[in-house]
Amino acid sequence: MADTPTLSLEQLRGDLATFLANPYPTYSEMRDQSPVQMEFIPGGIVPGLDEPIKAWALMKYNDVYSALRDHDTFSSARNPFVEKGFFPQLVLIMDDPPRHTRFRRLVNKAFTLRRVESLEPWITSVANELLDEVGSEETDIVQSYTIPLPVRVIARLMGIPGDDFTTFKRWSDTFISSLISIPLEERMQNTMEMAEYFGKIAAARRTQGAEDLITALVEAEIDGESLQDWEILGFCILLLIAGNETTTNLVGNMLNILIDRPELWQRLREDRNLVEPVIEETLRYESPVQQLQRTTTRDVTISGVTIPANDLVAVFFGAANRDPQEFPNAEEFRLDCDLRNHVSFGAGIHYCLGAPLARAEAKITLNAFLDRFPIIEHGRTPALRQTQSPVVFGFERLPLVLRAKGH
Amino acid sequence: MRLVIDYKKCLKSGQCSYLHSELITAGADGTPRVIIEQIEEHLRDAAEDAVDLCPSGAIALREDVEK
């Protein structure tokens, strides 16, 4: 098997940035050949990582769905970036059962649909506060709205005091920014600061509880067992990573799709029953998370190709969501089909814990925009897709002109 | 009490069959199926947790209706 052909994404699209800004043409070229081994991280891009890291790309819907549901064969705990010391081992998304099961049981309660519904009034007030500050001039909605909304929601959920909010934002930014742009030492320093900070908050909540997630975590118990400090820290870090940029991208992608469809905007203003379908179709059409990785625990045959044990597998949600075998007219944004089968939140045991919260933030945003703005348009400054991370899909900059009533 | 799944709402996230395999199982395509419909007192907490953890709000505990 030494001669397995290896595809490089640069070969297909010219360069990595072009691929990251729009991976969909590449998916449609590669899907039929998948699983195919590709250069996942080319050598020499990440400081200290000279050899390329290869991964098997899964791009067909059925392959992606099966792999996500087969957590025994496709392990989340084993990760080459963690093993090489480039990334801390995250709780939950880098756990397998039985540790995953115990942890998920504990934290599920903080993120139930019912709890999220009870948070909707204050999420709505945060959304409106942010929009009050957006004038009728051109605004980069990424800076003025899509970044601050989820950061504020998560900070408040966790119980971060208002004064510490700026620091929290800086930690969050450093932690989630690409491996490429921030040196390892700075990331480590950042993680240490964060550990100390959350350690103090956890200790304070043990003495006196509050109405927040960290209190829920220090008090959470299953079979008489509670979480240790490092687990609480790990979960806080996970929330920064998984809870912020993903929602930023969902909301940005959704607004961009709607700017380009003014007729749909008018229909939405008249019929709010379309709000949830628009969110689900946005998730399918431009998945905020494009792919996550697994490592095989045994030889496994997928679409006729045998992937050996201990190999890295890149599971492409973004490609699965445009597979014409599963979604007729997959390359079009449509509301007239079954909108439930996308895998943007994953499937199986790792199904996104924050899915109800992400959906709520998108719904509140869309309703608030529809209430306020009869027309939304692109700004004069061109929009810019992010081209740093191979994992997410969204905007670095999205200039909008929002025309309020009476303007 | 009866444990029921609303298949119009179900998004096949797989959380119910993962965390409450004593009550719910999932088929090969991910579709969940209730294996213990009549919820006796000793399963009440587990069933309520299954209702609570469904991210799409598709699981419910219903009062029995005599036919």
# chains A, B, ... in the order shown; residues from 1 in each chain; ligands from 1

call {"tool": "closest_atom_pairs", "arguments": {"of": "chain A", "to": "chain B", "cutoff": "10 Å", "atoms": "only C-alpha atoms", "output": "JSON lines"}}
result
{"residue": "A:Asn62", "atom": "CA", "partner": "B:Asp29", "partner_atom": "CA", "distance": 9.7}
{"residue": "A:Tyr65", "atom": "CA", "partner": "B:Asp29", "partner_atom": "CA", "distance": 8.9}
{"residue": "A:Ser66", "atom": "CA", "partner": "B:Asp29", "partner_atom": "CA", "distance": 8.5}
{"residue": "A:Arg69", "atom": "CA", "partner": "B:Gly30", "partner_atom": "CA", "distance": 8.0}
{"residue": "A:Thr101", "atom": "CA", "partner": "B:Leu19", "partner_atom": "CA", "distance": 7.2}
{"residue": "A:Arg102", "atom": "CA", "partner": "B:Leu19", "partner_atom": "CA", "distance": 9.2}
{"residue": "A:Arg104", "atom": "CA", "partner": "B:Leu19", "partner_atom": "CA", "distance": 8.6}
{"residue": "A:Arg105", "atom": "CA", "partner": "B:Leu19", "partner_atom": "CA", "distance": 7.3}
{"residue": "A:Asn108", "atom": "CA", "partner": "B:Leu53", "partner_atom": "CA", "distance": 6.4}
{"residue": "A:Lys109", "atom": "CA", "partner": "B:Leu53", "partner_atom": "CA", "distance": 7.1}
{"residue": "A:Ala110", "atom": "CA", "partner": "B:Leu53", "partner_atom": "CA", "distance": 9.7}
{"residue": "A:Phe111", "atom": "CA", "partner": "B:Leu53", "partner_atom": "CA", "distance": 8.2}
{"residue": "A:Thr112", "atom": "CA", "partner": "B:Leu53", "partner_atom": "CA", "distance": 5.6}
{"residue": "A:Leu113", "atom": "CA", "partner": "B:Pro55", "partner_atom": "CA", "distance": 5.8}
{"residue": "A:Arg114", "atom": "CA", "partner": "B:Asp52", "partner_atom": "CA", "distance": 7.2}
{"residue": "A:Arg115", "atom": "CA", "partner": "B:Asp52", "partner_atom": "CA", "distance": 9.3}
{"residue": "A:Leu339", "atom": "CA", "partner": "B:Leu11", "partner_atom": "CA", "distance": 9.7}
{"residue": "A:Arg340", "atom": "CA", "partner": "B:Leu11", "partner_atom": "CA", "distance": 6.0}
{"residue": "A:Asn341", "atom": "CA", "partner": "B:Leu11", "partner_atom": "CA", "distance": 7.1}
{"residue": "A:His342", "atom": "CA", "partner": "B:Leu11", "partner_atom": "CA", "distance": 9.2}
{"residue": "A:Val343", "atom": "CA", "partner": "B:Ser13", "partner_atom": "CA", "distance": 9.3}
{"residue": "A:Phe345", "atom": "CA", "partner": "B:Ser13", "partner_atom": "CA", "distance": 8.5}
{"residue": "A:Gly346", "atom": "CA", "partner": "B:Ser13", "partner_atom": "CA", "distance": 7.8}
{"residue": "A:Ala347", "atom": "CA", "partner": "B:Ser13", "partner_atom": "CA", "distance": 5.1}
{"residue": "A:Gly348", "atom": "CA", "partner": "B:Gly14", "partner_atom": "CA", "distance": 4.5}
{"residue": "A:Ile349", "atom": "CA", "partner": "B:Gln15", "partner_atom": "CA", "distance": 6.0}
{"residue": "A:His350", "atom": "CA", "partner": "B:Gln15", "partner_atom": "CA", "distance": 8.4}
{"residue": "A:Tyr351", "atom": "CA", "partner": "B:Ser13", "partner_atom": "CA", "distance": 5.9}
{"residue": "A:Cys352", "atom": "CA", "partner": "B:Ser13", "partner_atom": "CA", "distance": 8.7}
{"residue": "A:Leu353", "atom": "CA", "partner": "B:Pro55", "partner_atom": "CA", "distance": 8.0}
{"residue": "A:Gly354", "atom": "CA", "partner": "B:Pro55", "partner_atom": "CA", "distance": 8.8}
{"residue": "A:Ala355", "atom": "CA", "partner": "B:Pro55", "partner_atom": "CA", "distance": 6.9}
{"residue": "A:Pro356", "atom": "CA", "partner": "B:Pro55", "partner_atom": "CA", "distance": 6.0}
{"residue": "A:Leu357", "atom": "CA", "partner": "B:Pro55", "partner_atom": "CA", "distance": 9.6}

call {"tool": "residues_around", "arguments": {"residues": "A:Gln266", "least_positions_apart": "3", "cutoff": "12 Å", "atoms": "only C-alpha atoms", "output": "list in words"}}
result
Leu258, Ile259, Arg261, Pro262, Glu263, Arg269, Glu270, Asp271, Arg272, Leu274, Val275, Phe369, Leu370, Asp371, Phe373, Pro374, Ile375 and Ile376 of chain A

call {"tool": "write_last_selection", "arguments": {"atoms": "C-alpha atoms", "output": "short mmCIF file (atom, residue, chain, number, x, y, z; two decimals), in the first residue's frame"}}
result
data_model
loop_
_atom_site.label_atom_id
_atom_site.label_comp_id
_atom_site.auth_asym_id
_atom_site.auth_seq_id
_atom_site.Cartn_x
_atom_site.Cartn_y
_atom_site.Cartn_z
CA LEU A 258 -29.79 36.27 1.98
CA ILE A 259 -28.16 39.46 0.67
CA ARG A 261 -31.47 36.69 -2.59
CA PRO A 262 -33.54 39.86 -2.08
CA GLU A 263 -36.76 38.09 -3.10
CA ARG A 269 -40.29 39.33 6.12
CA GLU A 270 -43.81 38.25 5.27
CA ASP A 271 -43.59 34.65 6.43
CA ARG A 272 -41.48 33.88 9.46
CA LEU A 274 -39.38 30.21 6.63
CA VAL A 275 -36.83 31.29 9.26
CA PHE A 369 -32.65 41.67 11.18
CA LEU A 370 -36.01 41.04 9.50
CA ASP A 371 -37.79 43.21 12.09
CA PHE A 373 -34.20 46.08 8.02
CA PRO A 374 -36.51 45.99 4.99
CA ILE A 375 -33.40 45.82 2.80
CA ILE A 376 -29.90 44.43 3.35
#

call {"tool": "residues_around", "arguments": {"residues": "stretch 34-45 of chain B", "least_positions_apart": "5", "cutoff": "9 Å", "atoms": "only C-alpha atoms", "output": "list in words"}}
result
Met1, Arg2, Leu3, Val4, Ile5, Ser17, Ser21, Glu22, Leu23, Ile24, Thr25, Ala26, Ala50, Leu61 and Asp64 of chain B

call {"tool": "write_last_selection", "arguments": {"atoms": "C-alpha atoms", "output": "JSON list (two decimals), in the first residue's frame"}}
result
[["chain", "number", "residue", "atom", "x", "y", "z"],
["B", 1, "MET", "CA", -46.46, 6.97, 31.11],
["B", 2, "ARG", "CA", -45.52, 6.22, 27.53],
["B", 3, "LEU", "CA", -42.24, 7.18, 25.86],
["B", 4, "VAL", "CA", -42.78, 8.39, 22.29],
["B", 5, "ILE", "CA", -40.69, 9.77, 19.43],
["B", 17, "SER", "CA", -29.74, 5.68, 21.91],
["B", 21, "SER", "CA", -29.67, 2.47, 25.42],
["B", 22, "GLU", "CA", -31.89, 0.81, 28.04],
["B", 23, "LEU", "CA", -34.87, 2.68, 26.56],
["B", 24, "ILE", "CA", -34.05, 3.47, 22.96],
["B", 25, "THR", "CA", -32.11, 1.75, 20.20],
["B", 26, "ALA", "CA", -31.07, 3.04, 16.76],
["B", 50, "ALA", "CA", -33.94, 11.10, 27.47],
["B", 61, "LEU", "CA", -43.42, 11.26, 27.88],
["B", 64, "ASP", "CA", -51.46, 6.74, 28.84]]

call {"tool": "select_by_dssp", "arguments": {"residues": "chain B", "states": "strand (DSSP E)", "output": "count of residues only"}}
result
14

call {"tool": "decode", "arguments": {"residues": "stretch 90-111 of chain A", "atoms": "N, CA and C atoms", "output": "PDB file, in the first residue's frame"}}
result
ATOM      1  N   LEU A  90      -8.427  18.049  23.874  1.00  0.00           N
ATOM      2  CA  LEU A  90      -9.677  18.671  24.298  1.00  0.00           C
ATOM      3  C   LEU A  90     -10.620  17.635  24.880  1.00  0.00           C
ATOM      4  N   VAL A  91     -11.415  18.051  25.853  1.00  0.00           N
ATOM      5  CA  VAL A  91     -12.418  17.124  26.375  1.00  0.00           C
ATOM      6  C   VAL A  91     -13.532  16.979  25.336  1.00  0.00           C
ATOM      7  N   LEU A  92     -14.293  15.921  25.453  1.00  0.00           N
ATOM      8  CA  LEU A  92     -15.439  15.595  24.602  1.00  0.00           C
ATOM      9  C   LEU A  92     -15.086  15.372  23.133  1.00  0.00           C
ATOM     10  N   ILE A  93     -14.682  16.432  22.405  1.00  0.00           N
ATOM     11  CA  ILE A  93     -14.475  16.198  20.966  1.00  0.00           C
ATOM     12  C   ILE A  93     -13.214  15.385  20.703  1.00  0.00           C
ATOM     13  N   MET A  94     -12.331  15.281  21.707  1.00  0.00           N
ATOM     14  CA  MET A  94     -11.175  14.394  21.564  1.00  0.00           C
ATOM     15  C   MET A  94     -11.242  13.263  22.592  1.00  0.00           C
ATOM     16  N   ASP A  95     -12.434  12.825  22.895  1.00  0.00           N
ATOM     17  CA  ASP A  95     -12.641  11.696  23.809  1.00  0.00           C
ATOM     18  C   ASP A  95     -13.402  10.573  23.109  1.00  0.00           C
ATOM     19  N   ASP A  96     -13.155   9.360  23.547  1.00  0.00           N
ATOM     20  CA  ASP A  96     -13.961   8.204  23.144  1.00  0.00           C
ATOM     21  C   ASP A  96     -14.689   7.700  24.392  1.00  0.00           C
ATOM     22  N   PRO A  97     -15.723   6.846  24.210  1.00  0.00           N
ATOM     23  CA  PRO A  97     -16.286   6.187  25.382  1.00  0.00           C
ATOM     24  C   PRO A  97     -15.209   5.321  26.049  1.00  0.00           C
ATOM     25  N   PRO A  98     -15.234   5.086  27.373  1.00  0.00           N
ATOM     26  CA  PRO A  98     -16.321   5.491  28.280  1.00  0.00           C
ATOM     27  C   PRO A  98     -16.158   6.905  28.848  1.00  0.00           C
ATOM     28  N   ARG A  99     -14.978   7.519  28.676  1.00  0.00           N
ATOM     29  CA  ARG A  99     -14.799   8.839  29.258  1.00  0.00           C
ATOM     30  C   ARG A  99     -15.779   9.851  28.637  1.00  0.00           C
ATOM     31  N   HIS A 100     -15.952   9.737  27.325  1.00  0.00           N
ATOM     32  CA  HIS A 100     -16.859  10.649  26.636  1.00  0.00           C
ATOM     33  C   HIS A 100     -18.275  10.542  27.197  1.00  0.00           C
ATOM     34  N   THR A 101     -18.705   9.300  27.444  1.00  0.00           N
ATOM     35  CA  THR A 101     -20.079   9.062  27.887  1.00  0.00           C
ATOM     36  C   THR A 101     -20.339   9.747  29.226  1.00  0.00           C
ATOM     37  N   ARG A 102     -19.423   9.569  30.153  1.00  0.00           N
ATOM     38  CA  ARG A 102     -19.572  10.138  31.485  1.00  0.00           C
ATOM     39  C   ARG A 102     -19.622  11.674  31.393  1.00  0.00           C
ATOM     40  N   PHE A 103     -18.706  12.226  30.617  1.00  0.00           N
ATOM     41  CA  PHE A 103     -18.616  13.680  30.517  1.00  0.00           C
ATOM     42  C   PHE A 103     -19.840  14.266  29.816  1.00  0.00           C
ATOM     43  N   ARG A 104     -20.233  13.621  28.756  1.00  0.00           N
ATOM     44  CA  ARG A 104     -21.375  14.134  27.988  1.00  0.00           C
ATOM     45  C   ARG A 104     -22.634  14.135  28.851  1.00  0.00           C
ATOM     46  N   ARG A 105     -22.813  13.070  29.661  1.00  0.00           N
ATOM     47  CA  ARG A 105     -23.964  13.015  30.569  1.00  0.00           C
ATOM     48  C   ARG A 105     -23.992  14.230  31.482  1.00  0.00           C
ATOM     49  N   LEU A 106     -22.787  14.577  31.997  1.00  0.00           N
ATOM     50  CA  LEU A 106     -22.715  15.689  32.953  1.00  0.00           C
ATOM     51  C   LEU A 106     -23.039  17.030  32.302  1.00  0.00           C
ATOM     52  N   VAL A 107     -22.494  17.263  31.114  1.00  0.00           N
ATOM     53  CA  VAL A 107     -22.636  18.605  30.539  1.00  0.00           C
ATOM     54  C   VAL A 107     -23.899  18.778  29.694  1.00  0.00           C
ATOM     55  N   ASN A 108     -24.507  17.660  29.282  1.00  0.00           N
ATOM     56  CA  ASN A 108     -25.732  17.761  28.488  1.00  0.00           C
ATOM     57  C   ASN A 108     -26.773  18.662  29.132  1.00  0.00           C
ATOM     58  N   LYS A 109     -26.879  18.533  30.462  1.00  0.00           N
ATOM     59  CA  LYS A 109     -27.952  19.229  31.174  1.00  0.00           C
ATOM     60  C   LYS A 109     -27.864  20.741  31.032  1.00  0.00           C
ATOM     61  N   ALA A 110     -26.635  21.240  30.828  1.00  0.00           N
ATOM     62  CA  ALA A 110     -26.469  22.683  30.709  1.00  0.00           C
ATOM     63  C   ALA A 110     -26.877  23.195  29.331  1.00  0.00           C
ATOM     64  N   PHE A 111     -27.050  22.287  28.374  1.00  0.00           N
ATOM     65  CA  PHE A 111     -27.281  22.716  26.992  1.00  0.00           C
ATOM     66  C   PHE A 111     -28.564  22.155  26.390  1.00  0.00           C
TER      67      PHE A 111
END
